[in-house]
file protein_18.csv (CSV, C-alpha atoms)
chain,number,residue,atom,x,y,z
A,1,MET,CA,-88.5,32.4,69.5
A,2,THR,CA,-84.9,32.2,70.5
A,3,GLU,CA,-83.4,35.7,70.9
A,4,GLN,CA,-80.5,36.3,68.5
A,5,VAL,CA,-78.0,38.5,70.2
A,6,ILE,CA,-75.5,38.5,67.3
A,7,ASP,CA,-76.8,38.8,63.8
A,8,VAL,CA,-74.4,38.9,60.9
A,9,ASP,CA,-75.6,39.1,57.3
A,10,GLY,CA,-73.3,39.5,54.3
A,11,LEU,CA,-70.4,40.9,56.3
A,12,ARG,CA,-67.5,42.1,54.3
A,13,ARG,CA,-64.3,43.7,55.6
A,14,THR,CA,-61.7,45.3,53.3
A,15,TYR,CA,-58.2,46.6,54.3
A,16,ALA,CA,-56.2,49.3,52.7
A,17,GLY,CA,-54.9,48.3,49.2
A,18,GLY,CA,-58.2,46.4,48.5
A,19,PHE,CA,-57.5,43.2,50.4
A,20,GLU,CA,-60.8,41.6,51.3
A,21,ALA,CA,-60.3,39.7,54.6
A,22,VAL,CA,-64.0,38.8,55.1
A,23,ARG,CA,-66.1,38.0,52.0
A,24,GLY,CA,-69.8,38.1,52.7
A,25,ILE,CA,-70.3,35.8,55.7
A,26,SER,CA,-73.6,35.3,57.6
A,27,PHE,CA,-74.4,33.7,60.9
A,28,THR,CA,-76.4,34.3,64.1
A,29,VAL,CA,-75.7,33.5,67.8
A,30,ALA,CA,-78.5,33.0,70.2
A,31,ARG,CA,-78.6,34.3,73.8
A,32,GLY,CA,-76.6,31.9,76.1
A,33,GLU,CA,-75.0,30.1,73.2
A,34,LEU,CA,-71.3,29.6,72.7
A,35,PHE,CA,-70.4,30.0,69.0
A,36,ALA,CA,-66.9,29.2,67.8
A,37,LEU,CA,-65.1,30.6,64.7
A,38,LEU,CA,-62.4,28.3,63.4
A,39,GLY,CA,-59.9,28.7,60.7
A,40,THR,CA,-56.2,28.8,59.8
A,41,ASN,CA,-54.2,32.0,60.1
A,42,GLY,CA,-55.6,34.6,57.8
A,43,ALA,CA,-59.0,33.0,57.5
A,44,GLY,CA,-60.8,36.1,58.7
A,45,LYS,CA,-61.6,35.2,62.4
A,46,THR,CA,-60.1,38.3,64.1
A,47,SER,CA,-61.2,40.6,61.3
A,48,THR,CA,-64.8,39.4,61.9
A,49,VAL,CA,-64.6,39.7,65.7
A,50,GLU,CA,-63.3,43.3,65.5
A,51,VAL,CA,-66.3,44.3,63.5
A,52,LEU,CA,-68.6,42.7,66.0
A,53,GLU,CA,-66.8,44.4,68.9
A,54,GLY,CA,-67.4,47.8,67.2
A,55,LEU,CA,-63.7,48.5,66.7
A,56,THR,CA,-64.3,49.1,63.0
A,57,ALA,CA,-67.1,49.4,60.5
A,58,PRO,CA,-67.9,46.7,57.9
A,59,ALA,CA,-67.2,47.4,54.3
A,60,ALA,CA,-70.6,46.0,53.5
A,61,GLY,CA,-73.3,43.9,55.1
A,62,HIS,CA,-75.5,44.0,58.2
A,63,VAL,CA,-74.2,43.5,61.7
A,64,ARG,CA,-76.1,43.7,65.0
A,65,VAL,CA,-75.1,42.9,68.5
A,66,LEU,CA,-77.8,43.1,71.2
A,67,GLY,CA,-80.0,44.7,68.6
A,68,HIS,CA,-77.6,47.6,67.8
A,69,ASP,CA,-75.0,48.5,65.3
A,70,PRO,CA,-71.8,47.9,67.4
A,71,TYR,CA,-69.9,50.6,65.5
A,72,ARG,CA,-72.4,53.4,65.1
A,73,GLU,CA,-74.2,52.7,68.3
A,74,ARG,CA,-71.2,51.9,70.4
A,75,ASN,CA,-72.5,53.6,73.5
A,76,GLU,CA,-75.4,51.2,73.6
A,77,VAL,CA,-73.3,48.1,73.1
A,78,ARG,CA,-70.0,48.6,74.8
A,79,PRO,CA,-71.2,48.6,78.4
A,80,ARG,CA,-72.9,45.2,77.8
A,81,ILE,CA,-70.0,43.3,76.2
A,82,GLY,CA,-66.6,42.0,77.3
A,83,MET,CA,-63.6,41.7,75.0
A,84,MET,CA,-60.5,39.6,75.3
A,85,LEU,CA,-58.2,40.5,72.4
A,86,GLN,CA,-55.3,38.5,71.2
A,87,GLU,CA,-52.9,40.9,73.0
A,88,GLY,CA,-54.0,43.0,76.0
A,89,GLY,CA,-51.2,45.6,76.0
A,90,PHE,CA,-51.5,46.6,79.6
A,91,PRO,CA,-48.9,49.0,81.1
A,92,SER,CA,-46.0,46.8,82.1
A,93,GLU,CA,-45.0,48.7,85.2
A,94,LEU,CA,-48.5,48.5,86.9
A,95,THR,CA,-49.2,45.6,89.2
A,96,VAL,CA,-52.0,43.2,88.5
A,97,THR,CA,-54.3,44.9,91.0
A,98,GLU,CA,-53.5,48.4,89.8
A,99,THR,CA,-54.3,47.2,86.2
A,100,ALA,CA,-57.6,45.8,87.3
A,101,ARG,CA,-58.5,48.9,89.2
A,102,MET,CA,-57.6,51.1,86.2
A,103,TRP,CA,-59.8,48.9,84.0
A,104,ALA,CA,-62.6,48.8,86.5
A,105,GLY,CA,-62.6,52.6,86.6
A,106,CYS,CA,-63.4,52.6,82.8
A,107,THR,CA,-66.1,50.0,83.0
A,108,SER,CA,-69.7,50.5,83.8
A,109,GLY,CA,-71.0,48.3,86.7
A,110,ALA,CA,-67.6,46.7,87.3
A,111,ARG,CA,-67.5,43.8,89.7
A,112,PRO,CA,-65.1,43.8,92.6
A,113,VAL,CA,-61.5,43.6,91.4
A,114,GLY,CA,-60.6,40.8,93.8
A,115,ASP,CA,-63.5,38.7,92.5
A,116,ALA,CA,-62.4,39.1,88.9
A,117,LEU,CA,-58.8,38.2,89.7
A,118,GLU,CA,-59.8,35.2,91.8
A,119,ALA,CA,-62.1,33.9,89.0
A,120,VAL,CA,-59.0,33.5,86.7
A,121,GLY,CA,-56.6,32.2,89.3
A,122,LEU,CA,-54.7,35.5,89.8
A,123,GLY,CA,-55.9,36.3,93.3
A,124,ARG,CA,-52.4,35.8,94.8
A,125,ARG,CA,-50.6,37.7,92.1
A,126,GLY,CA,-52.2,41.1,92.8
A,127,GLY,CA,-48.9,42.7,93.8
A,128,THR,CA,-46.9,41.4,90.8
A,129,ARG,CA,-46.0,43.8,88.0
A,130,VAL,CA,-47.5,43.0,84.6
A,131,LYS,CA,-44.1,42.7,83.1
A,132,GLN,CA,-43.2,39.9,85.6
A,133,LEU,CA,-46.2,37.7,84.6
A,134,SER,CA,-45.7,34.6,82.5
A,135,GLY,CA,-47.3,34.5,79.1
A,136,GLY,CA,-50.1,32.3,80.5
A,137,GLU,CA,-50.7,34.7,83.4
A,138,LYS,CA,-51.0,37.6,81.1
A,139,ARG,CA,-53.7,35.8,79.2
A,140,ARG,CA,-55.5,35.2,82.5
A,141,LEU,CA,-55.3,38.9,83.2
A,142,ASP,CA,-56.7,39.6,79.8
A,143,LEU,CA,-59.6,37.3,80.6
A,144,ALA,CA,-60.2,38.9,84.0
A,145,MET,CA,-60.5,42.3,82.4
A,146,ALA,CA,-63.0,41.0,79.8
A,147,LEU,CA,-65.1,39.7,82.7
A,148,ILE,CA,-64.9,42.6,85.0
A,149,GLY,CA,-68.0,44.3,83.7
A,150,ASP,CA,-70.1,41.1,84.0
A,151,PRO,CA,-70.9,41.2,80.3
A,152,GLU,CA,-74.0,39.8,78.5
A,153,VAL,CA,-71.9,39.0,75.5
A,154,LEU,CA,-68.3,37.9,75.7
A,155,PHE,CA,-65.8,37.9,72.8
A,156,LEU,CA,-62.8,35.6,73.3
A,157,ASP,CA,-60.1,35.9,70.6
A,158,GLU,CA,-57.7,32.9,71.1
A,159,PRO,CA,-58.2,32.9,74.9
A,160,THR,CA,-56.0,30.0,75.8
A,161,THR,CA,-52.9,30.8,73.7
A,162,GLY,CA,-49.9,30.5,75.9
A,163,LEU,CA,-51.6,28.5,78.6
A,164,ASP,CA,-50.4,25.1,79.7
A,165,ALA,CA,-52.8,22.2,79.6
A,166,GLU,CA,-54.0,22.7,83.2
A,167,GLY,CA,-54.6,26.5,82.6
A,168,ARG,CA,-56.4,25.7,79.4
A,169,ARG,CA,-58.8,23.3,81.1
A,170,GLU,CA,-59.4,25.7,84.0
A,171,THR,CA,-60.3,28.4,81.5
A,172,TRP,CA,-62.7,26.0,79.8
A,173,GLU,CA,-64.4,25.4,83.1
A,174,LEU,CA,-64.7,29.2,83.7
A,175,VAL,CA,-66.2,29.7,80.2
A,176,ARG,CA,-68.7,26.8,80.8
A,177,ALA,CA,-69.8,28.4,84.1
A,178,LEU,CA,-70.3,31.7,82.3
A,179,ARG,CA,-72.4,30.1,79.6
A,180,GLU,CA,-74.5,28.3,82.2
A,181,ARG,CA,-75.2,31.7,83.8
A,182,GLY,CA,-76.6,32.9,80.4
A,183,THR,CA,-73.6,34.7,79.0
A,184,THR,CA,-73.4,34.6,75.2
A,185,VAL,CA,-69.8,33.8,74.0
A,186,LEU,CA,-68.2,34.1,70.6
A,187,LEU,CA,-64.9,32.3,70.6
A,188,THR,CA,-62.1,32.2,68.1
A,189,THR,CA,-59.5,29.4,68.5
A,190,HIS,CA,-56.8,27.4,66.8
A,191,TYR,CA,-57.4,24.5,69.2
A,192,LEU,CA,-60.0,22.1,67.7
A,193,GLU,CA,-60.3,20.3,71.0
A,194,GLU,CA,-61.3,23.6,72.6
A,195,ALA,CA,-64.1,24.0,70.1
A,196,GLU,CA,-65.2,20.4,70.5
A,197,GLN,CA,-65.3,20.8,74.3
A,198,LEU,CA,-67.1,24.2,74.4
A,199,ALA,CA,-69.0,25.1,71.3
A,200,ASP,CA,-72.8,24.7,70.9
A,201,ARG,CA,-72.3,25.6,67.2
A,202,LEU,CA,-69.3,26.6,65.1
A,203,ALA,CA,-68.3,27.9,61.7
A,204,ILE,CA,-65.2,27.1,59.8
A,205,LEU,CA,-63.8,30.0,57.9
A,206,HIS,CA,-61.5,29.7,54.9
A,207,GLU,CA,-60.1,32.7,53.0
A,208,GLY,CA,-62.8,35.0,54.4
A,209,ARG,CA,-65.8,32.7,53.7
A,210,ILE,CA,-67.8,30.2,55.8
A,211,ALA,CA,-66.9,26.7,54.5
A,212,ALA,CA,-69.0,24.7,57.0
A,213,ALA,CA,-71.2,25.4,59.9
A,214,GLY,CA,-73.4,23.7,62.5
A,215,THR,CA,-73.0,21.7,65.7
A,216,VAL,CA,-69.8,19.8,66.2
A,217,ALA,CA,-71.7,16.6,65.5
A,218,ASP,CA,-73.1,18.1,62.2
A,219,VAL,CA,-69.7,19.0,60.9
A,220,VAL,CA,-68.0,15.8,62.0
A,221,ALA,CA,-70.9,13.8,60.4
A,222,THR,CA,-69.6,14.9,57.0
A,223,GLN,CA,-66.6,12.6,57.6
A,224,PRO,CA,-66.6,8.8,57.5
A,225,SER,CA,-65.8,6.7,60.6
A,226,ARG,CA,-63.0,4.2,60.4
A,227,ILE,CA,-62.4,0.5,61.3
A,228,SER,CA,-59.0,-1.2,61.0
A,229,PHE,CA,-57.8,-4.7,61.8
A,230,GLU,CA,-55.5,-7.5,60.6
A,231,LEU,CA,-57.0,-10.2,58.5
A,232,PRO,CA,-57.0,-13.5,60.4
A,233,ASP,CA,-54.5,-16.1,59.3
A,234,GLY,CA,-55.7,-18.0,56.3
A,235,TYR,CA,-58.3,-15.4,55.4
A,236,PHE,CA,-58.4,-12.9,52.6
A,237,LEU,CA,-60.3,-9.7,51.9
A,238,GLY,CA,-62.8,-11.6,49.8
A,239,ASP,CA,-63.7,-13.8,52.7
A,240,LEU,CA,-65.2,-11.0,54.6
A,241,PRO,CA,-69.0,-10.3,54.2
A,242,PRO,CA,-69.7,-8.1,51.2
A,243,LEU,CA,-68.4,-4.7,52.2
A,244,ALA,CA,-71.5,-2.9,50.9
A,245,ALA,CA,-73.6,-5.1,53.2
A,246,LEU,CA,-71.5,-3.9,56.1
A,247,GLY,CA,-72.3,-0.3,55.2
A,248,VAL,CA,-68.7,0.3,54.1
A,249,THR,CA,-68.1,3.2,51.7
A,250,GLY,CA,-64.4,2.7,51.0
A,251,HIS,CA,-61.5,0.4,52.0
A,252,GLU,CA,-57.8,0.0,51.8
A,253,LEU,CA,-55.6,-3.1,52.2
A,254,THR,CA,-52.0,-2.7,53.2
A,255,GLY,CA,-50.3,-6.1,53.7
A,256,ARG,CA,-52.6,-7.9,56.1
A,257,THR,CA,-54.2,-4.7,57.5
A,258,VAL,CA,-57.7,-3.7,56.4
A,259,ARG,CA,-59.0,-0.2,56.8
A,260,LEU,CA,-62.7,0.4,56.2
A,261,ARG,CA,-64.6,3.7,56.0
A,262,THR,CA,-68.2,3.9,56.9
A,263,ASP,CA,-71.0,6.4,57.6
A,264,THR,CA,-72.8,3.8,59.8
A,265,LEU,CA,-70.2,2.9,62.4
A,266,GLN,CA,-72.4,1.0,64.8
A,267,ARG,CA,-73.9,-1.2,62.0
A,268,SER,CA,-70.6,-1.8,60.3
A,269,ALA,CA,-68.7,-2.7,63.5
A,270,THR,CA,-71.6,-4.9,64.7
A,271,GLU,CA,-71.8,-6.9,61.5
A,272,LEU,CA,-68.0,-7.3,61.4
A,273,LEU,CA,-67.8,-8.6,65.0
A,274,LEU,CA,-70.7,-11.0,64.4
A,275,TRP,CA,-68.8,-12.4,61.4
A,276,ALA,CA,-65.7,-12.9,63.5
A,277,ARG,CA,-67.6,-14.7,66.2
A,278,ARG,CA,-69.4,-17.0,63.7
A,279,ASN,CA,-66.0,-17.9,62.2
A,280,GLY,CA,-64.3,-18.2,65.6
A,281,VAL,CA,-61.5,-15.8,64.6
A,282,GLU,CA,-59.8,-12.9,66.4
A,283,LEU,CA,-59.4,-9.5,64.6
A,284,ARG,CA,-56.0,-8.5,65.9
A,285,GLY,CA,-55.2,-4.8,66.1
A,286,LEU,CA,-58.9,-3.9,65.9
A,287,ASP,CA,-59.4,-0.1,66.0
A,288,ILE,CA,-62.9,1.4,65.8
A,289,ARG,CA,-63.2,5.1,65.9
A,290,ALA,CA,-65.6,7.9,64.9
A,291,ALA,CA,-64.5,10.8,62.7
A,292,THR,CA,-63.0,13.9,64.5
A,293,LEU,CA,-63.4,17.6,64.1
A,294,GLU,CA,-59.8,17.7,63.0
A,295,GLU,CA,-60.4,15.4,60.1
A,296,ALA,CA,-63.4,17.5,59.0
A,297,PHE,CA,-61.4,20.7,59.4
A,298,LEU,CA,-58.5,19.4,57.3
A,299,ARG,CA,-60.8,18.0,54.6
A,300,ILE,CA,-62.6,21.3,54.3
A,301,ALA,CA,-59.3,23.1,54.0
A,302,ARG,CA,-58.1,20.8,51.3
A,303,GLU,CA,-61.4,21.0,49.3
A,304,MET,CA,-61.6,24.8,49.6
A,305,ALA,CA,-58.0,25.0,48.4
A,306,GLY,CA,-58.8,22.8,45.5
A,307,THR,CA,-61.8,24.8,44.6
A,308,GLU,CA,-59.8,28.0,44.6
A,309,GLY,CA,-57.2,26.4,42.4
A,310,THR,CA,-59.9,25.7,39.7
A,311,SER,CA,-61.7,29.0,40.0
A,312,GLY,CA,-59.0,31.6,39.7
A,313,GLY,CA,-58.3,31.9,43.5
A,314,HIS,CA,-61.7,33.5,44.3
A,315,GLY,CA,-62.9,30.8,46.7
A,316,ALA,CA,-66.1,28.9,46.6
A,317,SER,CA,-69.0,30.5,44.9
A,318,GLY,CA,-71.8,31.8,47.1
A,319,ALA,CA,-71.9,32.3,50.9
A,320,HIS,CA,-72.9,30.0,53.7
A,321,ARG,CA,-75.2,31.1,56.6
A,322,ALA,CA,-74.6,29.5,60.0
A,323,SER,CA,-78.1,29.6,61.4
A,324,GLY,CA,-79.5,28.1,64.5
A,325,THR,CA,-81.0,25.1,62.6
A,326,GLY,CA,-77.7,23.2,62.8
A,327,GLU,CA,-77.5,22.6,59.1
A,328,VAL,CA,-74.2,22.0,57.5
A,329,LEU,CA,-73.0,23.8,54.3
A,330,GLU,CA,-76.3,25.6,53.8
A,331,LYS,CA,-75.6,27.4,50.6
A,332,GLU,CA,-77.2,30.7,49.8
A,333,THR,CA,-77.0,32.9,46.7
A,334,ALA,CA,-74.1,35.3,46.9

call {"tool": "encode", "arguments": {"input": "protein_18.csv", "output": "structure tokens"}}
result
Amino acid sequence: MTEQVIDVDGLRRTYAGGFEAVRGISFTVARGELFALLGTNGAGKTSTVEVLEGLTAPAAGHVRVLGHDPYRERNEVRPRIGMMLQEGGFPSELTVTETARMWAGCTSGARPVGDALEAVGLGRRGGTRVKQLSGGEKRRLDLAMALIGDPEVLFLDEPTTGLDAEGRRETWELVRALRERGTTVLLTTHYLEEAEQLADRLAILHEGRIAAAGTVADVVATQPSRISFELPDGYFLGDLPPLAALGVTGHELTGRTVRLRTDTLQRSATELLLWARRNGVELRGLDIRAATLEEAFLRIAREMAGTEGTSGGHGASGAHRASGTGEVLEKETA
């Protein structure tokens, strides 16, 4: 059986004043897997990660990292994990190398400082004071310190915030290399493209609950694909083959532009193109595209907001468990 190195069951986290940031979520992460937590600001991503890192105890629920309670058995867990927080907070007057040496001195089995800095592209910035680094360079330093102990499990909380496009993609390559070496990664991000590029599985959080979970393909498959084109001259919508026969689940007509929605993109596109060839017509402006994670994310956010509006603001009933089966929206009893 696949070893589950992170196991979360019914996790709740409550802040002073009674605000419940995490409302009974459950998921597992297998060894060597990259699992992404997505959600808007306030969805509960960082609140969840802080419990997994052992920075605070859960209000309720069961949490295990590498088989241990990360809060109560911190001494067993901390030497085997790496953490990249949203803000590092390193002393501004220290140089990059001094910061790395200080951090290495507090880390069991630390790798050579130079190797850690080279890995994130800071090898030539060792003599630079932290306060003189750009925002993106500071994030690179945060990542280097998370990696300096060669962790089995790596927590990355918004790792590419502040990086330019090149720096973001370099970070992705580094994370991919870590995963290929067997490192388990739990990632929170606002960048949906980042999750699409990196995640083996993901969960979308909304108001402290898991609204959807599975592989990227699983979650995207909940959305229809789209085909749009201009009707040929002299043709009308009724001249097309029956839309149901094309596998079309919905359509719009704006002027001469037809927009079709389908859950069977290849079938629908093939039948439409065969019809055009038989009739000797050109479908001008033809655009065929699969659904995206962004579309799924926005739809889920809208649906969850609508559910809350009809249920007194308490969110969807029940909880969802993001298991290794890849199932989407697997509802459990709360």

call {"tool": "closest_atom_pairs", "arguments": {"input": "protein_18.csv", "of": "segment 196-302 of chain A", "to": "segment 37-40 of chain A", "cutoff": "8 Å", "atoms": "all atoms listed in the file", "output": "Markdown table"}}
result
| residue | atom | partner | partner_atom | distance |
| --- | --- | --- | --- | --- |
| A:Leu202 | CA | A:Leu37 | CA | 5.8 |
| A:Ala203 | CA | A:Leu37 | CA | 5.2 |
| A:Ile204 | CA | A:Leu38 | CA | 4.7 |
| A:Leu205 | CA | A:Gly39 | CA | 5.0 |
| A:His206 | CA | A:Gly39 | CA | 6.1 |

call {"tool": "write_last_selection", "arguments": {"input": "protein_18.csv", "atoms": "C-alpha atoms", "output": "tab-separated table (two decimals), in the frame of the given file"}}
result
chain	number	residue	atom	x	y	z
A	202	LEU	CA	-69.30	26.60	65.10
A	203	ALA	CA	-68.30	27.90	61.70
A	204	ILE	CA	-65.20	27.10	59.80
A	205	LEU	CA	-63.80	30.00	57.90
A	206	HIS	CA	-61.50	29.70	54.90

call {"tool": "closest_residue", "arguments": {"input": "protein_18.csv", "among": "A:Pro242, A:Ala296, A:Thr254, A:Ile148", "to": "Ala217 of chain A", "atoms": "all atoms listed in the file"}}
result
A:Ala296

call {"tool": "residues_around", "arguments": {"input": "protein_18.csv", "residues": "Leu265 of chain A", "least_positions_apart": "3", "cutoff": "10 Å", "atoms": "all atoms listed in the file", "output": "ChimeraX atom specification"}}
result
/A:224-227,246-248,261-262,268-271,288-291

call {"tool": "atom_distance", "arguments": {"input": "protein_18.csv", "atom1": "atom CA of Val258 of chain A", "atom2": "atom CA of Glu230 of chain A"}}
result
6.1 Å

call {"tool": "residues_near_point", "arguments": {"input": "protein_18.csv", "point": "(-65.6, 34.7, 57.6)", "cutoff": "6 Å", "atoms": "only C-alpha atoms", "output": "number ranges by chain"}}
result
A: 22, 25, 44, 205, 208-210

call {"tool": "residues_around", "arguments": {"input": "protein_18.csv", "residues": "Gly67 of chain A", "least_positions_apart": "6", "cutoff": "12 Å", "atoms": "all atoms listed in the file", "output": "list in words"}}
result
Glu3, Gln4, Val5, Ile6, Asp7, Val8, Thr28, Ala30, Arg31, Leu52, Glu73, Arg74, Glu76, Val77 and Arg80 of chain A

call {"tool": "residues_around", "arguments": {"input": "protein_18.csv", "residues": "segment 177-182 of chain A", "least_positions_apart": "5", "cutoff": "10 Å", "atoms": "only C-alpha atoms", "output": "short mmCIF file (atom, residue, chain, number, x, y, z; two decimals) with C-alpha atoms, keeping the file's coordinate frame"}}
result
data_model
loop_
_atom_site.label_atom_id
_atom_site.label_comp_id
_atom_site.auth_asym_id
_atom_site.auth_seq_id
_atom_site.Cartn_x
_atom_site.Cartn_y
_atom_site.Cartn_z
CA ARG A 31 -78.60 34.30 73.80
CA GLY A 32 -76.60 31.90 76.10
CA GLU A 33 -75.00 30.10 73.20
CA LEU A 34 -71.30 29.60 72.70
CA LEU A 147 -65.10 39.70 82.70
CA ASP A 150 -70.10 41.10 84.00
CA PRO A 151 -70.90 41.20 80.30
CA GLU A 152 -74.00 39.80 78.50
CA VAL A 153 -71.90 39.00 75.50
CA LEU A 154 -68.30 37.90 75.70
CA THR A 171 -60.30 28.40 81.50
CA TRP A 172 -62.70 26.00 79.80
CA LEU A 198 -67.10 24.20 74.40
#

call {"tool": "closest_residue", "arguments": {"input": "protein_18.csv", "among": "A:Arg78, A:Arg284, A:Arg129, A:Lys138", "to": "Val65 of chain A", "atoms": "all atoms listed in the file"}}
result
A:Arg78

call {"tool": "residues_around", "arguments": {"input": "protein_18.csv", "residues": "Gly123 of chain A", "least_positions_apart": "4", "cutoff": "10 Å", "atoms": "all atoms listed in the file", "output": "list in words"}}
result
Val96, Thr97, Val113, Gly114, Asp115, Ala116, Leu117, Glu118, Ala119 and Gly127 of chain A
